[in-house]
file structure.tsv (TSV, C-alpha atoms and all ligand atoms)
chain	number	residue	atom	x	y	z
M	146	MET	CA	-17.88	-2.82	9.67
M	147	SER	CA	-14.86	-3.90	11.63
M	148	LEU	CA	-12.51	-6.69	10.69
M	149	GLU	CA	-10.28	-8.92	12.74
M	150	VAL	CA	-7.63	-11.28	11.46
M	151	ARG	CA	-6.74	-13.61	14.32
M	152	GLU	CA	-3.64	-15.80	14.38
M	153	VAL	CA	-3.79	-16.55	10.67
M	154	ASN	CA	-1.28	-18.99	9.18
M	155	LYS	CA	-0.99	-20.12	5.59
M	156	VAL	CA	1.31	-22.77	4.19
M	157	TYR	CA	1.96	-23.39	0.48
M	158	ASN	CA	4.18	-26.29	-0.56
M	159	ARG	CA	5.30	-26.74	3.06
M	160	LYS	CA	6.48	-23.13	3.16
M	161	LEU	CA	4.98	-20.75	5.71
M	162	ILE	CA	3.59	-17.85	3.65
M	163	LEU	CA	1.68	-16.12	6.46
M	164	ASP	CA	3.00	-16.45	9.98
M	165	ARG	CA	0.55	-15.74	12.83
M	166	ILE	CA	-1.01	-12.62	11.36
M	167	ASN	CA	-3.07	-10.55	13.79
M	168	LEU	CA	-4.89	-7.40	12.65
M	169	GLN	CA	-7.70	-5.33	14.03
M	170	ILE	CA	-9.21	-2.91	11.56
M	171	GLU	CA	-11.76	-0.37	12.72
M	172	LYS	CA	-14.99	0.56	10.99
M	173	GLY	CA	-14.34	3.19	8.33
M	174	GLU	CA	-10.59	2.79	8.53
M	175	PHE	CA	-8.33	2.92	5.46
M	176	PHE	CA	-5.77	0.23	6.22
M	177	VAL	CA	-2.77	-0.34	3.96
M	178	VAL	CA	-0.76	-3.55	3.78
M	179	LEU	CA	2.70	-2.69	2.51
M	180	GLY	CA	5.45	-5.14	1.68
M	181	PRO	CA	7.89	-6.26	-0.99
M	182	SER	CA	6.97	-8.69	-3.76
M	183	GLY	CA	6.26	-12.18	-2.45
M	184	SER	CA	5.76	-11.08	1.16
M	185	GLY	CA	2.25	-12.60	1.33
M	186	LYS	CA	0.06	-9.52	0.82
M	187	THR	CA	-2.19	-10.98	-1.88
M	188	THR	CA	-2.57	-14.24	0.02
M	189	LEU	CA	-3.68	-12.31	3.10
M	190	LEU	CA	-6.21	-10.31	1.08
M	191	ARG	CA	-7.58	-13.47	-0.56
M	192	ILE	CA	-8.05	-15.05	2.85
M	193	ILE	CA	-9.91	-11.95	4.09
M	194	ALA	CA	-12.06	-12.04	0.94
M	195	GLY	CA	-12.89	-15.71	1.45
M	196	LEU	CA	-11.21	-16.82	-1.78
M	197	GLU	CA	-8.69	-18.81	0.21
M	198	LYS	CA	-8.87	-20.61	3.55
M	199	PRO	CA	-6.28	-20.10	6.28
M	200	ASP	CA	-4.58	-23.22	7.65
M	201	ASN	CA	-5.00	-21.80	11.12
M	202	GLY	CA	-6.73	-18.83	12.62
M	203	LYS	CA	-9.90	-16.90	12.00
M	204	ILE	CA	-11.43	-13.98	10.15
M	205	LEU	CA	-14.05	-12.03	12.06
M	206	ILE	CA	-16.35	-9.41	10.54
M	207	ASP	CA	-18.16	-7.31	13.14
M	208	ASN	CA	-17.05	-9.87	15.73
M	209	THR	CA	-18.69	-12.74	13.83
M	210	ASP	CA	-16.52	-15.61	12.66
M	211	VAL	CA	-16.75	-15.71	8.84
M	212	THR	CA	-13.80	-18.05	8.25
M	213	ASN	CA	-16.08	-20.61	6.63
M	214	LEU	CA	-18.41	-18.15	4.87
M	215	PRO	CA	-17.95	-18.14	1.08
M	216	ALA	CA	-16.69	-14.96	-0.64
M	217	GLY	CA	-20.07	-14.19	-2.23
M	218	LYS	CA	-21.74	-13.93	1.16
M	219	ARG	CA	-19.33	-11.45	2.75
M	220	ASN	CA	-20.57	-8.25	1.03
M	221	ILE	CA	-17.07	-7.34	-0.02
M	222	GLY	CA	-16.02	-5.14	-2.95
M	223	MET	CA	-12.78	-6.27	-4.53
M	224	VAL	CA	-10.35	-4.85	-7.04
M	225	PHE	CA	-7.40	-7.00	-7.91
M	226	GLN	CA	-4.40	-6.38	-10.14
M	227	ASN	CA	-5.95	-8.36	-12.98
M	228	TYR	CA	-9.31	-6.66	-12.89
M	229	ALA	CA	-11.04	-9.38	-14.97
M	230	LEU	CA	-13.98	-7.56	-16.52
M	231	TYR	CA	-16.30	-9.70	-18.67
M	232	PRO	CA	-14.78	-9.12	-22.12
M	233	SER	CA	-17.94	-9.93	-24.08
M	234	LYS	CA	-20.14	-7.57	-22.08
M	235	ARG	CA	-20.42	-3.82	-22.40
M	236	ILE	CA	-19.17	-1.71	-19.47
M	237	TRP	CA	-22.77	-0.99	-18.48
M	238	ASP	CA	-23.48	-4.71	-18.12
M	239	ASN	CA	-20.23	-5.24	-16.26
M	240	LEU	CA	-21.51	-2.77	-13.68
M	241	PHE	CA	-25.09	-4.06	-13.75
M	242	LEU	CA	-24.30	-7.74	-13.13
M	243	PRO	CA	-23.20	-7.42	-9.48
M	244	LEU	CA	-26.32	-5.34	-8.76
M	245	GLU	CA	-28.64	-7.73	-10.57
M	246	SER	CA	-27.21	-10.70	-8.72
M	247	SER	CA	-27.92	-8.96	-5.44
M	248	GLY	CA	-31.57	-8.66	-6.49
M	249	MET	CA	-31.68	-4.94	-7.30
M	250	GLY	CA	-34.26	-3.72	-9.88
M	251	LYS	CA	-33.13	-2.18	-13.16
M	252	GLU	CA	-34.31	1.36	-12.35
M	253	GLU	CA	-32.46	1.61	-9.07
M	254	ALA	CA	-29.42	-0.09	-10.62
M	255	THR	CA	-29.36	2.42	-13.51
M	256	LYS	CA	-29.31	5.31	-11.04
M	257	ARG	CA	-26.42	3.76	-9.14
M	258	ILE	CA	-24.45	3.04	-12.31
M	259	GLU	CA	-24.93	6.60	-13.53
M	260	PHE	CA	-23.84	8.03	-10.20
M	261	ILE	CA	-20.71	5.94	-9.73
M	262	SER	CA	-19.59	6.18	-13.36
M	263	LYS	CA	-19.85	9.98	-13.29
M	264	ARG	CA	-17.83	9.96	-10.09
M	265	LEU	CA	-15.11	7.87	-11.73
M	266	GLY	CA	-15.23	9.68	-15.07
M	267	ILE	CA	-16.27	6.63	-17.07
M	268	ASP	CA	-19.84	7.74	-17.92
M	269	GLY	CA	-18.83	8.21	-21.55
M	270	LEU	CA	-17.58	4.63	-21.80
M	271	LEU	CA	-20.63	2.65	-20.69
M	272	GLN	CA	-21.53	1.33	-24.14
M	273	ARG	CA	-18.02	0.15	-24.93
M	274	PHE	CA	-16.52	-3.29	-24.43
M	275	PRO	CA	-13.56	-3.77	-22.03
M	276	GLY	CA	-11.20	-4.47	-24.94
M	277	GLU	CA	-11.93	-0.98	-26.27
M	278	LEU	CA	-10.62	0.72	-23.14
M	279	SER	CA	-7.12	1.67	-22.06
M	280	GLY	CA	-5.59	-0.08	-19.03
M	281	GLY	CA	-6.28	2.97	-16.89
M	282	GLN	CA	-9.91	3.16	-18.02
M	283	GLN	CA	-10.37	-0.55	-17.32
M	284	GLN	CA	-8.95	-0.04	-13.88
M	285	ARG	CA	-11.46	2.74	-13.19
M	286	VAL	CA	-14.27	0.47	-14.40
M	287	ALA	CA	-13.01	-2.21	-12.01
M	288	LEU	CA	-13.12	0.35	-9.18
M	289	ALA	CA	-16.67	1.33	-10.21
M	290	ARG	CA	-17.75	-2.30	-10.27
M	291	ALA	CA	-16.42	-2.87	-6.77
M	292	LEU	CA	-18.03	0.30	-5.42
M	293	VAL	CA	-21.39	0.22	-7.20
M	294	LYS	CA	-22.90	-1.98	-4.47
M	295	THR	CA	-21.45	0.24	-1.70
M	296	PRO	CA	-19.69	-2.70	-0.06
M	297	ARG	CA	-19.21	-3.01	3.69
M	298	LEU	CA	-15.61	-3.91	3.10
M	299	PHE	CA	-13.48	-2.77	0.17
M	300	LEU	CA	-10.39	-4.80	-0.70
M	301	MET	CA	-7.88	-3.50	-3.21
M	302	ASP	CA	-4.76	-5.26	-4.46
M	303	GLU	CA	-2.48	-2.80	-6.29
M	304	PRO	CA	-5.53	-1.32	-8.04
M	305	LEU	CA	-3.61	1.53	-9.63
M	306	SER	CA	-0.75	-0.47	-11.13
M	307	ASN	CA	-1.80	0.30	-14.72
M	308	LEU	CA	-2.14	4.04	-14.30
M	309	ASP	CA	0.54	6.56	-15.18
M	310	ALA	CA	1.87	8.91	-12.50
M	311	PRO	CA	-0.68	11.78	-12.87
M	312	GLN	CA	-3.59	9.32	-13.19
M	313	ARG	CA	-2.39	7.54	-10.08
M	314	VAL	CA	-2.46	10.72	-8.05
M	315	SER	CA	-6.00	11.58	-9.14
M	316	ALA	CA	-7.28	8.00	-8.74
M	317	ARG	CA	-5.74	7.90	-5.27
M	318	LYS	CA	-7.61	11.05	-4.33
M	319	LEU	CA	-10.85	9.66	-5.72
M	320	ILE	CA	-10.58	6.35	-3.87
M	321	LYS	CA	-9.93	8.19	-0.64
M	322	GLU	CA	-12.85	10.57	-1.21
M	323	ILE	CA	-15.36	7.80	-1.91
M	324	GLN	CA	-14.01	5.71	0.95
M	325	GLU	CA	-14.41	8.59	3.39
M	326	GLU	CA	-17.78	9.70	2.04
M	327	TYR	CA	-19.32	6.27	2.63
M	328	SER	CA	-17.04	5.38	5.51
M	329	ILE	CA	-16.17	2.06	3.86
M	330	THR	CA	-13.70	-0.02	5.80
M	331	SER	CA	-10.91	-0.55	3.28
M	332	ILE	CA	-7.80	-2.65	2.94
M	333	TYR	CA	-5.33	-1.64	0.28
M	334	VAL	CA	-2.36	-3.76	-0.70
M	335	THR	CA	0.70	-2.18	-2.28
M	336	HIS	CA	4.49	-2.44	-2.50
M	337	ASP	CA	4.68	1.33	-3.08
M	338	GLN	CA	5.47	3.17	0.11
M	339	THR	CA	4.52	6.57	-1.34
M	340	GLU	CA	1.04	5.22	-2.06
M	341	ALA	CA	0.88	3.66	1.41
M	342	MET	CA	1.84	6.94	3.08
M	343	ALA	CA	-0.61	8.94	0.98
M	344	LEU	CA	-3.63	6.71	1.59
M	345	GLY	CA	-3.30	4.87	4.87
M	346	ASP	CA	-4.89	5.83	8.16
M	347	ARG	CA	-2.64	3.04	9.35
M	348	ILE	CA	-0.07	0.94	7.57
M	349	CYS	CA	0.93	-2.65	8.27
M	350	ILE	CA	4.37	-3.59	7.00
M	351	ILE	CA	4.75	-7.23	6.15
M	352	ASP	CA	7.82	-9.15	5.06
M	353	GLU	CA	8.22	-12.88	4.48
M	354	GLY	CA	4.74	-13.46	5.90
M	355	LYS	CA	5.45	-11.65	9.16
M	356	ILE	CA	4.18	-8.32	10.42
M	357	LEU	CA	7.11	-6.00	11.08
M	358	GLN	CA	5.17	-2.94	12.24
M	359	ILE	CA	1.67	-1.46	12.37
M	360	GLY	CA	1.19	2.27	12.82
M	361	THR	CA	0.12	5.56	11.33
M	362	PRO	CA	2.27	6.78	8.42
M	363	GLU	CA	3.82	9.35	10.77
M	364	GLU	CA	4.66	6.75	13.44
M	365	ILE	CA	6.28	4.47	10.89
M	366	TYR	CA	8.21	7.31	9.28
M	367	ASP	CA	9.44	8.81	12.56
M	368	ASP	CA	9.93	5.64	14.53
M	369	PRO	CA	10.53	2.57	12.35
M	370	ALA	CA	10.43	-0.63	14.42
M	371	ASP	CA	13.63	-2.03	12.99
M	372	GLU	CA	16.26	-1.59	10.32
M	373	LYS	CA	14.23	-3.49	7.74
M	374	VAL	CA	11.35	-1.04	8.07
M	375	ALA	CA	13.79	1.88	8.11
M	376	SER	CA	15.34	0.74	4.86
M	377	PHE	CA	11.91	0.46	3.23
M	378	ILE	CA	10.16	3.65	4.32
M	379	GLY	CA	10.80	7.21	3.19
M	380	ASN	CA	12.01	8.69	-0.05
M	381	PRO	CA	14.91	8.29	0.34
M	382	PRO	CA	14.83	5.77	3.21
M	383	MET	CA	16.98	6.33	6.30
M	384	SER	CA	20.75	6.02	5.93
M	385	LEU	CA	21.78	3.14	8.20
M	386	LEU	CA	25.12	3.75	9.91
M	387	ASP	CA	27.29	2.27	12.62
M	388	GLY	CA	26.42	4.23	15.78
M	389	SER	CA	30.09	4.60	16.63
M	390	ILE	CA	30.37	7.53	14.19
M	391	ILE	CA	28.46	9.60	16.71
M	392	GLY	CA	29.62	7.69	19.78
M	393	GLU	CA	26.50	5.51	20.09
M	394	LYS	CA	26.13	1.73	20.41
M	395	GLY	CA	24.49	-0.43	17.73
M	396	ASN	CA	23.28	1.00	14.46
M	397	ILE	CA	21.58	4.30	13.84
M	398	GLY	CA	19.15	5.45	11.15
M	399	VAL	CA	19.32	9.02	9.89
M	400	ARG	CA	16.81	10.80	7.67
M	401	ALA	CA	18.29	12.98	4.91
M	402	GLU	CA	16.42	16.01	6.28
M	403	ASP	CA	18.12	15.58	9.66
M	404	VAL	CA	21.60	16.01	8.24
M	405	ILE	CA	22.54	19.68	8.46
M	406	LEU	CA	25.26	20.50	5.96
M	407	GLU	CA	27.90	23.18	6.46
M	408	GLU	CA	27.43	22.98	10.24
M	409	GLY	CA	29.08	20.90	12.96
M	410	ASP	CA	32.39	19.14	12.93
M	411	MET	CA	31.64	15.82	11.22
M	412	LYS	CA	33.18	15.43	7.80
M	413	GLY	CA	32.56	13.38	4.67
M	414	LYS	CA	33.27	13.29	0.97
M	415	VAL	CA	30.63	13.93	-1.68
M	416	ILE	CA	29.98	10.91	-3.91
M	417	ASN	CA	27.38	12.60	-6.10
M	418	SER	CA	24.36	14.95	-6.10
M	419	GLU	CA	20.97	14.01	-7.59
M	420	PHE	CA	18.75	16.86	-8.76
M	421	LEU	CA	15.26	16.54	-7.26
M	422	GLY	CA	13.72	19.76	-8.59
M	423	ASP	CA	13.53	21.80	-5.42
M	424	ARG	CA	16.82	20.53	-3.97
M	425	TYR	CA	19.59	17.98	-4.37
M	426	LEU	CA	19.99	14.61	-2.72
M	427	VAL	CA	23.66	14.30	-1.85
M	428	HIS	CA	25.36	10.96	-1.20
M	429	ILE	CA	28.24	11.42	1.22
M	430	SER	CA	30.97	8.88	1.90
M	431	LEU	CA	32.09	8.48	5.51
M	432	GLY	CA	34.76	5.89	4.72
M	433	SER	CA	32.98	2.53	4.77
M	434	GLU	CA	29.57	4.14	5.45
M	435	GLU	CA	27.32	6.24	3.28
M	436	LEU	CA	25.01	9.03	4.32
M	437	MET	CA	22.31	10.87	2.37
M	438	ALA	CA	21.55	14.55	2.90
M	439	PHE	CA	19.59	17.31	1.19
M	440	SER	CA	21.32	20.38	-0.18
M	441	LYS	CA	20.02	23.57	-1.79
M	442	VAL	CA	22.98	23.61	-4.16
M	443	ARG	CA	24.73	20.94	-6.21
M	444	LEU	CA	27.83	19.68	-4.41
M	445	ARG	CA	30.68	18.46	-6.59
M	446	GLU	CA	31.96	14.92	-6.47
M	447	GLY	CA	35.04	14.56	-4.24
M	448	VAL	CA	34.46	17.76	-2.27
M	449	GLU	CA	34.73	17.52	1.52
M	450	VAL	CA	31.62	18.66	3.42
M	451	SER	CA	31.07	19.27	7.09
M	452	PHE	CA	27.77	18.38	8.70
M	453	ARG	CA	25.95	17.58	11.91
M	454	ILE	CA	23.14	15.12	12.62
M	455	SER	CA	20.19	16.82	14.32
M	456	LYS	CA	18.13	13.67	14.94
M	457	PHE	CA	18.59	9.91	14.62
M	458	LYS	CA	16.93	6.64	15.48
M	459	GLN	CA	18.94	4.10	17.40
M	460	PHE	CA	18.63	0.38	16.64
M	461	ARG	CA	19.97	-2.37	18.83
I	1	LIG	N1	-1.59	-20.78	-4.95
I	1	LIG	C1	-0.32	-20.78	-4.57
I	1	LIG	N2	0.39	-21.93	-4.52
I	1	LIG	C2	1.67	-21.96	-4.11
I	1	LIG	N3	2.37	-20.86	-3.70
I	1	LIG	C3	1.72	-19.68	-3.73
I	1	LIG	C4	0.35	-19.58	-4.16
I	1	LIG	N4	-0.01	-18.27	-4.07
I	1	LIG	C5	1.08	-17.61	-3.63
I	1	LIG	N5	2.11	-18.43	-3.41
I	1	LIG	C6	3.45	-18.05	-2.88
I	1	LIG	O1	3.24	-17.37	-1.69
I	1	LIG	C7	4.16	-16.28	-1.53
I	1	LIG	C8	3.40	-15.00	-1.29
I	1	LIG	O2	2.68	-14.66	-2.46
I	1	LIG	P1	1.72	-13.38	-2.51
I	1	LIG	O3	1.14	-13.33	-3.89
I	1	LIG	O4	0.79	-13.44	-1.38
I	1	LIG	O5	2.76	-12.20	-2.29
I	1	LIG	P2	2.61	-10.64	-2.57
I	1	LIG	O6	3.23	-9.97	-1.41
I	1	LIG	O7	1.19	-10.31	-2.88
I	1	LIG	O8	3.50	-10.44	-3.85
I	1	LIG	P3	3.34	-9.43	-5.12
I	1	LIG	O9	3.54	-8.04	-4.58
I	1	LIG	O10	4.47	-9.87	-6.00
I	1	LIG	O11	1.97	-9.66	-5.69
I	1	LIG	C9	5.01	-16.29	-2.79
I	1	LIG	O12	6.21	-16.93	-2.49
I	1	LIG	C10	4.18	-17.09	-3.78
I	1	LIG	O13	5.01	-17.73	-4.69
call {"tool": "encode", "arguments": {"input": "structure.tsv", "output": "structure tokens"}}
result
Amino acid sequence: MSLEVREVNKVYNRKLILDRINLQIEKGEFFVVLGPSGSGKTTLLRIIAGLEKPDNGKILIDNTDVTNLPAGKRNIGMVFQNYALYPSKRIWDNLFLPLESSGMGKEEATKRIEFISKRLGIDGLLQRFPGELSGGQQQRVALARALVKTPRLFLMDEPLSNLDAPQRVSARKLIKEIQEEYSITSIYVTHDQTEAMALGDRICIIDEGKILQIGTPEEIYDDPADEKVASFIGNPPMSLLDGSIIGEKGNIGVRAEDVILEEGDMKGKVINSEFLGDRYLVHISLGSEELMAFSKVRLREGVEVSFRISKFKQFR
């Protein structure tokens, strides 16, 4: 199914939390909403889910206005940060309840539960209670519960926040696989740009309730709309410099990989080198400005380096 968010506003305590949000999400698309803490991501997701009403604007599912349709009637699978499993019910029952309430018989439901729990590696946990699971296991149960009904729309709000780094990578892969297999239109909220880049077909960057940019991960990485986006995207993000250092107007953004050390006639002083495993990230002082570059070798603090900039993005 497709989803449209049209001119959505939301005010809390006379403060504008969402400011004229417009989104068009295609059927089967994996759409990521990325933004810092407090930018309005969860509020937007709750409005899409029907848990919250917008003050203005509409939500359309397959071109039908659902703004006034309650959450239970939208056929949406949801995983939120606090995954809220029923603590007094075994995992099996936690997965069965959403199926039972949609009128599915026990036999069919059992098949579905077996299938999805194998897929998520929780088939050995079905007789346990939520309190007997680790945070990561509970999070996988929450994913299973959202997916067991094969929703038309899958909404996730930081669903991997309780997983450690290796678990995150494998859960990310799994979410993407299931999403693609069933072509479930998905919206994924995160403040983690690595996660956004890894998962998103497109990413929407939101800050203080406003959309700053919508694009594919590549578009956003290569061509950030403004300095705010540039300072948020990439690991490390772009170095932002006064354009005058290369004879340009305004400010420029430079990716570390576009700084070629030991070439060209620009000069700077090494502040420090961070070991990244396969290379070093070198911070270089250009007087009042600072530039980041990659280097194969560790460069000592205080040493003068020459460099050239092979590519940059100009901001007004
Ligand atoms: N029910 C509410 N009543 C009043 N203010 C609220 C309510 N819910 C959210 N807010 C405020 O709205 C703003 C956006 O909150 P929201 O939870 O949508 O941000 P977020 O981007 O999801 O943040 P985080 O990444 O920290 O979860 C915040 O300033 C928050 O304090």
call {"tool": "residues_around", "arguments": {"input": "structure.tsv", "residues": "range 223-226 of chain M", "least_positions_apart": "6", "cutoff": "6 Å", "atoms": "all atoms listed in the file", "output": "list in words"}}
result
Ala291, Phe299, Leu300, Met301, Asp302, Glu303 and Pro304 of chain M
call {"tool": "write_last_selection", "arguments": {"input": "structure.tsv", "atoms": "C-alpha atoms", "output": "compact mmCIF listing (two decimals), in the coordinates of the input"}}
result
# COMPACT_ATOMS: atom_id res chain seq x y z
CA ALA M 291 -16.42 -2.87 -6.77
CA PHE M 299 -13.48 -2.77 0.17
CA LEU M 300 -10.39 -4.80 -0.70
CA MET M 301 -7.88 -3.50 -3.21
CA ASP M 302 -4.76 -5.26 -4.46
CA GLU M 303 -2.48 -2.80 -6.29
CA PRO M 304 -5.53 -1.32 -8.04
call {"tool": "residues_near_point", "arguments": {"input": "structure.tsv", "point": "(-6.3, -20.0, 9.1)", "cutoff": "7 Å", "atoms": "all atoms listed in the file", "output": "VMD selection string"}}
result
chain M and resid 153 to 155 198 to 203
call {"tool": "closest_residue", "arguments": {"input": "structure.tsv", "among": "M:Glu171, M:Glu364, M:Glu197, M:Glu277", "to": "ligand LIG 1 (chain I)", "atoms": "only C-alpha atoms and all ligand atoms"}}
result
M:Glu197
call {"tool": "residues_around", "arguments": {"input": "structure.tsv", "residues": "range 453-457 of chain M", "least_positions_apart": "2", "cutoff": "7 Å", "atoms": "all atoms listed in the file", "output": "PyMOL selection string"}}
result
chain M and resi 397-399+403-406+408-411+459
call {"tool": "residues_near_ligand", "arguments": {"input": "structure.tsv", "ligand": "ligand LIG 1 (chain I)", "cutoff": "7 Å", "atoms": "all atoms listed in the file", "output": "mmCIF file with C-alpha atoms, in the coordinates of the input"}}
result
data_model
loop_
_atom_site.group_PDB
_atom_site.id
_atom_site.type_symbol
_atom_site.label_atom_id
_atom_site.label_comp_id
_atom_site.auth_asym_id
_atom_site.auth_seq_id
_atom_site.Cartn_x
_atom_site.Cartn_y
_atom_site.Cartn_z
ATOM 1 C CA TYR M 157 1.960 -23.390 0.480
ATOM 2 C CA ASN M 158 4.180 -26.290 -0.560
ATOM 3 C CA ILE M 162 3.590 -17.850 3.650
ATOM 4 C CA GLY M 180 5.450 -5.140 1.680
ATOM 5 C CA PRO M 181 7.890 -6.260 -0.990
ATOM 6 C CA SER M 182 6.970 -8.690 -3.760
ATOM 7 C CA GLY M 183 6.260 -12.180 -2.450
ATOM 8 C CA SER M 184 5.760 -11.080 1.160
ATOM 9 C CA GLY M 185 2.250 -12.600 1.330
ATOM 10 C CA LYS M 186 0.060 -9.520 0.820
ATOM 11 C CA THR M 187 -2.190 -10.980 -1.880
ATOM 12 C CA THR M 188 -2.570 -14.240 0.020
ATOM 13 C CA LEU M 189 -3.680 -12.310 3.100
ATOM 14 C CA THR M 335 0.700 -2.180 -2.280
ATOM 15 C CA HIS M 336 4.490 -2.440 -2.500
#
call {"tool": "residues_around", "arguments": {"input": "structure.tsv", "residues": "Leu214 in chain M", "least_positions_apart": "6", "cutoff": "10 Å", "atoms": "all atoms listed in the file", "output": "list in words"}}
result
Ala194, Gly195, Leu196, Lys198 and Ile204 of chain M
call {"tool": "write_last_selection", "arguments": {"input": "structure.tsv", "atoms": "C-alpha atoms", "output": "short mmCIF file (atom, residue, chain, number, x, y, z; two decimals), in the coordinates of the input"}}
result
data_model
loop_
_atom_site.label_atom_id
_atom_site.label_comp_id
_atom_site.auth_asym_id
_atom_site.auth_seq_id
_atom_site.Cartn_x
_atom_site.Cartn_y
_atom_site.Cartn_z
CA ALA M 194 -12.06 -12.04 0.94
CA GLY M 195 -12.89 -15.71 1.45
CA LEU M 196 -11.21 -16.82 -1.78
CA LYS M 198 -8.87 -20.61 3.55
CA ILE M 204 -11.43 -13.98 10.15
#
call {"tool": "closest_residue", "arguments": {"input": "structure.tsv", "among": "M:Val293, M:Met249, M:Val150, M:Leu319", "to": "Leu305 in chain M", "atoms": "all atoms listed in the file"}}
result
M:Leu319
call {"tool": "residues_around", "arguments": {"input": "structure.tsv", "residues": "Arg264 in chain M", "least_positions_apart": "3", "cutoff": "10 Å", "atoms": "all atoms listed in the file", "output": "mmCIF file with C-alpha atoms, in the frame of the given file"}}
result
data_model
loop_
_atom_site.group_PDB
_atom_site.id
_atom_site.type_symbol
_atom_site.label_atom_id
_atom_site.label_comp_id
_atom_site.auth_asym_id
_atom_site.auth_seq_id
_atom_site.Cartn_x
_atom_site.Cartn_y
_atom_site.Cartn_z
ATOM 1 C CA ILE M 258 -24.450 3.040 -12.310
ATOM 2 C CA GLU M 259 -24.930 6.600 -13.530
ATOM 3 C CA PHE M 260 -23.840 8.030 -10.200
ATOM 4 C CA ILE M 261 -20.710 5.940 -9.730
ATOM 5 C CA ILE M 267 -16.270 6.630 -17.070
ATOM 6 C CA ASP M 268 -19.840 7.740 -17.920
ATOM 7 C CA ALA M 289 -16.670 1.330 -10.210
ATOM 8 C CA LEU M 319 -10.850 9.660 -5.720
ATOM 9 C CA ILE M 323 -15.360 7.800 -1.910
#
call {"tool": "atom_distance", "arguments": {"input": "structure.tsv", "atom1": "CA of Leu426 in chain M", "atom2": "CA of Ala375 in chain M"}}
result
17.8 Å
call {"tool": "residues_around", "arguments": {"input": "structure.tsv", "residues": "Asp337 in chain M", "least_positions_apart": "4", "cutoff": "12 Å", "atoms": "only C-alpha atoms", "output": "PyMOL selection string"}}
result
chain M and resi 177-182+302-306+313+333+341-345+348+350+377-380
call {"tool": "atom_distance", "arguments": {"input": "structure.tsv", "atom1": "CA of Ile391 in chain M", "atom2": "CA of Lys412 in chain M"}}
result
11.6 Å
call {"tool": "closest_residue", "arguments": {"input": "structure.tsv", "among": "M:Lys251, M:Lys355, M:Lys172, M:Arg273", "to": "Glu152 in chain M", "atoms": "only C-alpha atoms"}}
result
M:Lys355
call {"tool": "closest_residue", "arguments": {"input": "structure.tsv", "among": "M:Val450, M:Ile221, M:Ala316, M:Ala287", "to": "Pro275 in chain M", "atoms": "all atoms listed in the file"}}
result
M:Ala287
call {"tool": "atom_distance", "arguments": {"input": "structure.tsv", "atom1": "CA of Gly280 in chain M", "atom2": "CA of Ser328 in chain M"}}
result
27.6 Å
call {"tool": "residues_near_point", "arguments": {"input": "structure.tsv", "point": "(10.2, 9.7, 6.0)", "cutoff": "9 Å", "atoms": "only C-alpha atoms", "output": "PyMOL selection string"}}
result
chain M and resi 362-363+365-367+375+378-383+400-402
